[in-house]
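A.B. asks: Just one file: target_11.txt, with compact mmCIF, C-alpha atoms and all ligand atoms.
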# COMPACT_ATOMS: atom_id res chain seq x y z
CA MET G 6 -23.43 -22.05 0.60
CA MET G 7 -22.30 -18.88 2.40
CA HIS G 8 -20.83 -16.33 0.04
CA VAL G 9 -17.61 -14.75 1.22
CA ASN G 10 -16.16 -11.45 -0.01
CA LEU G 11 -12.51 -10.73 0.63
CA LEU G 12 -10.22 -7.75 0.15
CA LEU G 13 -6.78 -9.25 -0.37
CA ASP G 14 -3.45 -7.44 -0.31
CA LEU G 15 -0.78 -8.51 -2.84
CA ASP G 16 2.78 -7.56 -1.78
CA GLY G 17 3.81 -9.75 1.11
CA VAL G 18 0.68 -11.88 0.75
CA VAL G 19 0.70 -13.32 -2.77
CA TRP G 20 4.24 -12.35 -3.74
CA ILE G 21 7.42 -10.69 -2.60
CA ARG G 22 8.09 -8.27 -5.47
CA ASP G 23 8.36 -10.71 -8.40
CA THR G 24 8.66 -13.96 -6.46
CA PRO G 25 5.51 -15.91 -5.58
CA ILE G 26 5.06 -16.77 -1.90
CA GLU G 27 4.98 -20.54 -1.86
CA GLY G 28 1.42 -21.87 -1.79
CA SER G 29 -0.26 -18.47 -1.95
CA GLY G 30 -1.25 -18.63 -5.61
CA ASP G 31 -2.79 -22.09 -5.16
CA ALA G 32 -4.60 -21.01 -2.01
CA VAL G 33 -6.06 -17.92 -3.66
CA GLN G 34 -7.17 -19.85 -6.74
CA LYS G 35 -8.83 -22.50 -4.51
CA LEU G 36 -10.81 -19.76 -2.76
CA LEU G 37 -11.91 -18.42 -6.15
CA ASP G 38 -12.83 -21.94 -7.30
CA HIS G 39 -14.99 -22.33 -4.18
CA GLY G 40 -16.94 -19.20 -5.07
CA PHE G 41 -15.21 -16.63 -2.89
CA THR G 42 -15.25 -13.12 -4.35
CA ILE G 43 -11.82 -11.58 -4.07
CA THR G 44 -10.94 -7.98 -4.75
CA PHE G 45 -7.18 -7.44 -4.76
CA VAL G 46 -6.34 -4.15 -3.04
CA THR G 47 -2.74 -3.00 -3.19
CA ASN G 48 -0.86 0.13 -2.17
CA ASN G 49 1.49 -0.64 -5.05
CA SER G 50 0.91 1.25 -8.31
CA THR G 51 3.94 0.28 -10.36
CA LEU G 52 1.62 -1.63 -12.74
CA THR G 53 -1.79 -1.04 -14.28
CA ALA G 54 -4.77 -3.17 -13.24
CA ASP G 55 -4.21 -5.23 -16.39
CA GLY G 56 -0.54 -5.63 -15.43
CA TYR G 57 -1.48 -6.96 -11.98
CA ALA G 58 -4.00 -9.37 -13.53
CA GLN G 59 -1.25 -10.68 -15.81
CA LYS G 60 1.16 -11.00 -12.88
CA LEU G 61 -1.47 -12.95 -10.94
CA ALA G 62 -1.98 -15.20 -13.96
CA ARG G 63 1.74 -16.01 -13.95
CA MET G 64 1.26 -17.19 -10.36
CA GLY G 65 -1.71 -19.39 -11.24
CA VAL G 66 -4.49 -17.00 -10.21
CA VAL G 67 -7.19 -16.18 -12.73
CA ALA G 68 -8.36 -12.63 -12.09
CA SER G 69 -9.68 -9.83 -14.26
CA PRO G 70 -8.45 -6.23 -14.14
CA SER G 71 -11.83 -5.29 -12.66
CA GLN G 72 -10.85 -7.26 -9.53
CA ILE G 73 -7.80 -5.06 -8.96
CA VAL G 74 -7.83 -1.82 -6.98
CA HIS G 75 -4.36 -0.27 -6.79
CA SER G 76 -3.20 2.93 -5.16
CA GLY G 77 -3.12 4.64 -8.57
CA HIS G 78 -6.91 4.36 -8.62
CA ALA G 79 -6.97 5.97 -5.18
CA VAL G 80 -4.67 8.86 -6.09
CA GLY G 81 -6.75 9.49 -9.23
CA ARG G 82 -9.58 10.43 -6.90
CA LEU G 83 -7.50 13.41 -5.76
CA VAL G 84 -7.20 14.78 -9.30
CA GLU G 85 -9.77 16.97 -11.02
CA PRO G 86 -10.54 16.72 -14.75
CA ALA G 87 -8.04 18.60 -16.99
CA GLU G 88 -5.57 19.11 -14.15
CA THR G 89 -1.92 18.72 -15.09
CA VAL G 90 -0.07 16.19 -12.96
CA LEU G 91 3.67 15.58 -12.90
CA LEU G 92 4.08 11.82 -12.84
CA CYS G 93 6.93 10.74 -10.57
CA ALA G 94 5.21 7.41 -9.97
CA GLY G 95 4.29 4.14 -11.66
CA GLU G 96 2.05 3.04 -14.51
CA GLY G 97 -0.84 2.51 -12.13
CA VAL G 98 -0.82 6.17 -11.19
CA ALA G 99 -0.87 7.13 -14.86
CA GLU G 100 -3.90 4.87 -15.21
CA GLY G 101 -5.64 6.51 -12.25
CA ILE G 102 -4.96 10.03 -13.53
CA LYS G 103 -6.22 9.07 -16.98
CA ASP G 104 -9.40 7.62 -15.42
CA ALA G 105 -9.86 10.98 -13.67
CA ASN G 106 -9.39 12.79 -17.01
CA GLY G 107 -6.25 14.45 -15.72
CA ILE G 108 -3.20 15.16 -17.89
CA CYS G 109 0.04 13.35 -17.06
CA ILE G 110 3.33 15.20 -17.49
CA ASP G 111 6.45 13.05 -17.78
CA PRO G 112 9.36 14.36 -15.67
CA ILE G 113 11.53 14.09 -18.80
CA ASN G 114 9.43 16.88 -20.30
CA TYR G 115 9.34 18.96 -17.13
CA SER G 116 11.23 22.12 -16.47
CA GLY G 117 10.85 24.36 -13.45
CA LYS G 118 9.23 26.92 -15.75
CA LEU G 119 6.22 24.70 -16.38
CA THR G 120 3.49 25.01 -13.76
CA VAL G 121 1.56 21.88 -12.89
CA ASP G 122 -1.45 21.48 -10.63
CA ALA G 123 -0.09 18.49 -8.77
CA VAL G 124 2.82 16.12 -8.57
CA VAL G 125 2.48 12.45 -7.64
CA VAL G 126 5.45 10.82 -5.92
CA GLY G 127 5.31 7.05 -5.71
CA LEU G 128 7.42 3.94 -6.01
CA HIS G 129 8.38 2.76 -9.47
CA PRO G 130 11.39 0.85 -10.77
CA ASP G 131 13.06 3.83 -12.49
CA PHE G 132 12.66 6.40 -9.74
CA SER G 133 15.75 8.61 -9.75
CA HIS G 134 17.42 11.51 -7.99
CA ASP G 135 16.53 13.71 -10.98
CA GLU G 136 12.89 12.75 -10.59
CA LEU G 137 12.99 13.62 -6.92
CA ASN G 138 14.35 17.06 -7.83
CA CYS G 139 11.61 17.55 -10.46
CA ALA G 140 9.03 16.78 -7.79
CA ILE G 141 10.61 19.26 -5.39
CA ARG G 142 10.68 22.01 -8.03
CA ALA G 143 7.04 21.37 -8.90
CA VAL G 144 5.99 21.65 -5.26
CA LEU G 145 8.05 24.84 -4.82
CA SER G 146 6.17 26.21 -7.85
CA GLY G 147 2.84 25.60 -6.13
CA ALA G 148 1.86 22.04 -7.11
CA ARG G 149 -0.04 19.85 -4.63
CA LEU G 150 2.05 16.95 -3.37
CA LEU G 151 0.13 13.70 -3.82
CA ALA G 152 1.29 10.19 -2.99
CA PRO G 153 -0.24 6.79 -3.73
CA SER G 154 0.69 5.45 -0.33
CA SER G 155 2.39 6.39 2.93
CA ASP G 156 4.25 3.06 3.10
CA LYS G 157 7.83 3.56 4.19
CA LEU G 158 9.45 0.31 3.13
CA TYR G 159 8.81 -2.16 0.34
CA PRO G 160 9.70 -5.83 0.85
CA THR G 161 11.82 -7.45 -1.86
CA GLU G 162 13.51 -10.82 -2.23
CA THR G 163 16.75 -9.33 -0.92
CA GLY G 164 15.37 -7.11 1.84
CA PHE G 165 13.49 -3.86 2.25
CA VAL G 166 13.85 -0.95 -0.16
CA ILE G 167 12.50 2.57 0.22
CA ASP G 168 8.81 2.81 -0.61
CA GLY G 169 6.76 5.64 -2.08
CA GLY G 170 5.64 7.07 1.25
CA ALA G 171 9.23 7.65 2.28
CA LEU G 172 10.00 9.23 -1.12
CA ALA G 173 7.03 11.58 -0.68
CA HIS G 174 8.28 12.45 2.79
CA ALA G 175 11.66 13.34 1.28
CA VAL G 176 9.92 15.88 -0.96
CA SER G 177 7.88 17.05 2.01
CA TYR G 178 10.99 17.51 4.14
CA ALA G 179 12.72 19.49 1.39
CA THR G 180 9.77 21.74 0.64
CA GLY G 181 7.69 21.92 3.81
CA ALA G 182 4.60 20.77 1.89
CA GLU G 183 2.38 18.15 3.49
CA PRO G 184 1.84 15.11 1.26
CA ILE G 185 -1.73 14.02 0.59
CA PHE G 186 -1.78 10.23 0.77
CA ALA G 187 -4.36 8.20 -1.12
CA GLY G 188 -3.75 4.49 -0.45
CA LYS G 189 -4.66 2.20 2.43
CA PRO G 190 -5.77 3.11 5.09
CA ARG G 191 -7.00 6.43 3.76
CA GLN G 192 -10.37 7.49 2.43
CA PRO G 193 -9.53 7.73 -1.31
CA MET G 194 -8.66 4.01 -1.32
CA ILE G 195 -11.84 3.21 0.63
CA ASP G 196 -13.81 5.15 -1.98
CA ALA G 197 -11.99 3.36 -4.81
CA VAL G 198 -12.83 -0.02 -3.27
CA ASN G 199 -16.47 0.96 -2.85
CA GLU G 200 -16.65 1.61 -6.57
CA ARG G 201 -16.04 -2.14 -7.04
CA ILE G 202 -17.73 -3.67 -4.01
CA ASN G 203 -19.87 -2.27 -1.21
CA GLN G 204 -17.72 -2.36 1.91
CA ALA G 205 -20.76 -3.46 3.94
CA LYS G 206 -20.65 -6.76 2.01
CA VAL G 207 -16.97 -7.46 2.67
CA ASP G 208 -16.25 -10.19 5.24
CA PHE G 209 -12.49 -9.87 5.69
CA VAL G 210 -9.53 -7.71 4.82
CA ILE G 211 -6.35 -9.81 4.51
CA GLY G 212 -2.93 -8.21 4.55
CA ASP G 213 0.59 -8.27 5.91
CA SER G 214 0.88 -4.69 7.14
CA LEU G 215 -0.57 -3.49 10.42
CA ALA G 216 0.13 0.13 9.46
CA SER G 217 -1.80 0.03 6.18
CA ASP G 218 -3.95 -3.13 5.97
CA ALA G 219 -5.09 -3.42 9.59
CA ARG G 220 -5.87 0.27 9.80
CA PHE G 221 -7.65 0.08 6.44
CA ALA G 222 -9.86 -2.71 7.80
CA ALA G 223 -10.49 -0.78 11.01
CA ALA G 224 -11.43 2.36 9.08
CA MET G 225 -14.08 0.36 7.21
CA GLY G 226 -15.25 -1.65 10.22
CA ILE G 227 -14.29 -4.96 8.62
CA PRO G 228 -12.53 -7.86 10.44
CA PHE G 229 -8.84 -8.15 9.60
CA ALA G 230 -6.79 -11.29 9.00
CA PHE G 231 -3.06 -10.83 9.42
CA VAL G 232 -0.59 -12.58 7.13
CA ARG G 233 2.80 -12.66 8.74
CA SER G 234 5.58 -11.95 6.28
CA THR G 235 8.45 -9.54 6.03
CA ALA G 236 6.38 -6.41 5.60
CA GLU G 237 6.55 -5.17 9.19
CA PRO G 238 10.15 -4.19 9.84
CA PRO G 239 11.38 -3.92 13.39
CA ALA G 240 12.41 -0.58 14.82
CA PRO G 241 15.10 -0.12 17.46
CA ASN G 242 13.77 0.25 20.98
CA PRO G 243 16.39 -0.10 23.67
CA ALA G 244 13.85 0.75 26.38
CA GLY G 245 11.59 -2.27 25.82
CA ALA G 246 9.48 -3.60 28.69
CA PRO G 247 8.89 -7.36 29.24
CA CYS G 248 6.14 -9.21 27.39
CA ARG G 249 3.03 -9.97 29.46
CA GLN G 250 3.02 -13.55 28.24
CA CYS G 251 6.62 -14.65 28.34
CA GLY G 252 8.39 -12.01 30.36
CA ARG G 253 11.20 -11.66 27.83
CA ARG G 254 12.62 -8.29 27.02
CA SER G 255 13.38 -7.36 23.46
CA ARG G 256 15.68 -5.00 21.68
CA ILE G 257 13.01 -4.25 19.11
CA ARG G 258 9.32 -3.50 18.85
CA TYR G 259 6.78 -2.41 16.32
CA HIS G 260 6.01 0.90 17.94
CA GLU G 261 2.75 0.60 19.83
CA ARG G 262 1.69 -2.46 17.90
CA GLN G 263 4.25 -4.90 19.15
CA SER G 264 5.06 -6.00 22.67
CA GLU G 265 8.46 -5.02 23.88
CA CYS G 266 9.74 -8.59 23.89
CA GLY G 267 9.34 -8.94 20.15
CA CYS G 268 6.04 -10.84 20.26
CA ARG G 269 3.53 -9.40 17.84
CA VAL G 270 0.59 -8.04 19.79
CA PHE G 271 -2.00 -5.41 19.18
CA ARG G 272 -4.79 -3.86 21.17
CA ARG G 273 -8.33 -4.80 20.36
CA ARG G 274 -11.37 -4.25 22.54
CA GLN G 275 -9.21 -3.43 25.53
CA SER G 276 -7.43 -6.77 25.42
CA ARG G 277 -4.10 -7.83 24.03
CA THR G 278 -4.12 -10.55 21.42
CA HIS G 279 -1.03 -12.57 20.75
CA LEU G 280 -0.71 -12.96 17.01
CA ALA G 281 2.54 -14.81 16.67
CA GLY G 282 5.63 -15.85 18.50
CA HIS G 283 8.97 -14.20 18.85
CA VAL G 284 10.34 -12.30 15.91
CA PHE G 285 13.86 -13.29 16.87
MG MG G 301 1.45 -5.89 1.66
As structure tokens, what does this structure read like?
Ligand SMILES: [Mg+2]

C.D. replies:
Amino acid sequence: MMHVNLLLDLDGVVWIRDTPIEGSGDAVQKLLDHGFTITFVTNNSTLTADGYAQKLARMGVVASPSQIVHSGHAVGRLVEPAETVLLCAGEGVAEGIKDANGICIDPINYSGKLTVDAVVVGLHPDFSHDELNCAIRAVLSGARLLAPSSDKLYPTETGFVIDGGALAHAVSYATGAEPIFAGKPRQPMIDAVNERINQAKVDFVIGDSLASDARFAAAMGIPFAFVRSTAEPPAPNPAGAPCRQCGRRSRIRYHERQSECGCRVFRRRQSRTHLAGHVF
């Protein structure tokens, strides 16, 4: 029997925040039961690897923490041993910094007088305006600005909320410092994945984001399977041109990755592939 290795995204593929996507848990467990090797790769770092394994278990998927690679693991690769890191991010980032033998500083214990080597800005449930200001002060004092992911929006059951990439850009805008992103599609995440499984042995990357998952797959030279969910928000584009296939014009598009009529298309080997029908 052919052995298949998959890299599978979580948000927008297995769940929308805390709500399972109907049928996804069963489908993933069936793949595991049929001998597929799945490594879950997420740009989310609100939980530790153990936390994600427990969340998967609640959705009927039996996975060990060793099968989880989150963006906290990736950002940990940007931290040197004994460096002090202001943690304006989730539990997963704390795990990654600990794995790198860095020292986490809680924003509650931070004053502008304390110098830190780096600050990590990422999505977590308790992110606050005060935390944003701590991050800004740290950067103005010379800390490197690190971010688990560059994702702008995070899909929830009630719509999109701001994601860690946009929070990091807020700090960047205020300070002029360029954020260093670690998650998909960037090299630290590729390196973190290769610690678990050789990318040459991976058959497919599966995800719901063209900006992070598809580019991640392309960066590793691995075929990509697109799961259509809510993770690709439309952007206004009043100057849309008609779709090659249907001729319709659209008010929205996904930048260069969506045809102007609203049909999802992307360029691959000089040809346009129609992935799905109209968004609206
Ligand atoms: Mg996703």

A.B. asks: Throw together the list of residues within 7 Å of ligand MG 301 (chain G), counting only C-alpha atoms and all ligand atoms, and drop it here as a ChimeraX atom specification.

C.D. replies: /G:14-18,212-214,236

A.B. asks: Of the residues G:Leu11, G:Ala68, G:Ala99, G:Ala79, which is the one nearest to G:Leu52, using only C-alpha atoms?

C.D. replies: G:Ala99

A.B. asks: Distance atom CA of G:Gly65-atom CA of G:Asp31, one decimal place?

C.D. replies: 6.7 Å

A.B. asks: Rank G:Val121, G:Ala173, G:Cys93, G:Ala187 by their smallest atom-to-atom distance to G:Asp135, using all atoms listed in the file, and report the top residue only.

C.D. replies: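 Of G:Val121, G:Ala173, G:Cys93, G:Ala187, the one nearest G:Asp135 is G:Cys93, counting all atoms listed in the file.
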
A.B. asks: Please measure the separation of atom CA of G:Ile202 and atom CA of G:Arg220, giving the value in Å to one decimal.

C.D. replies: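 Interatomic distance, atom CA of G:Ile202 to atom CA of G:Arg220: 18.6 Å.
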
A.B. asks: If you count all atoms listed in the file, which residues fall within 8 Å of G:Val124, apart from same-chain ones fewer than 2 positions away, as a short mmCIF file (atom, residue, chain, number, x, y, z; two decimals) with C-alpha atoms, keeping the file's coordinate frame?

C.D. replies:
data_model
loop_
_atom_site.label_atom_id
_atom_site.label_comp_id
_atom_site.auth_asym_id
_atom_site.auth_seq_id
_atom_site.Cartn_x
_atom_site.Cartn_y
_atom_site.Cartn_z
CA VAL G 90 -0.07 16.19 -12.96
CA LEU G 91 3.67 15.58 -12.90
CA LEU G 92 4.08 11.82 -12.84
CA CYS G 93 6.93 10.74 -10.57
CA VAL G 121 1.56 21.88 -12.89
CA ASP G 122 -1.45 21.48 -10.63
CA VAL G 126 5.45 10.82 -5.92
CA ALA G 140 9.03 16.78 -7.79
CA ALA G 143 7.04 21.37 -8.90
CA VAL G 144 5.99 21.65 -5.26
CA ALA G 148 1.86 22.04 -7.11
CA ARG G 149 -0.04 19.85 -4.63
CA LEU G 150 2.05 16.95 -3.37
CA LEU G 151 0.13 13.70 -3.82
#

A.B. asks: To one decimal place in Å, what is the distance between atom CA of G:Ala54 and atom CA of G:Thr120?

C.D. replies: 29.4 Å

A.B. asks: Show me, as number ranges by chain, the residues that have an atom within 9 Å of G:Ile167 when counting all atoms listed in the file, minus same-chain residues fewer than 5 positions from it.

C.D. replies: G: 128, 156-160, 172

A.B. asks: Considering all atoms listed in the file, return as a PyMOL selection string whatever protein or nucleic-acid residues lie within 12 Å of G:Gly101, sequence-local ones (same chain, fewer than 3 positions apart) excluded.

C.D. replies: chain G and resi 50-54+74-86+90+92+94-98+104-109+125+153+187+193-194+197

A.B. asks: Smallest atom-to-atom distance to G:Ser69: which of G:Glu200, G:Ala87, G:Asn138, G:Phe45, using only C-alpha atoms?

C.D. replies: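 Of G:Glu200, G:Ala87, G:Asn138, G:Phe45, the one nearest G:Ser69 is G:Phe45, counting only C-alpha atoms.
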
A.B. asks: So which one's closest to G:Ala32, G:Ile195, G:Val66, G:Phe229, G:Glu162? Using all atoms listed in the file, please.

C.D. replies: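 So, comparing all the options, the nearest one is G:Val66.
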
A.B. asks: Given the choices G:Pro184, G:Pro112, G:Gly40, G:Gly169, which gets closest to G:Asn10 if the distance is worked out from only C-alpha atoms?

C.D. replies: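 The shortest atom-to-atom distance to G:Asn10 comes from G:Gly40.
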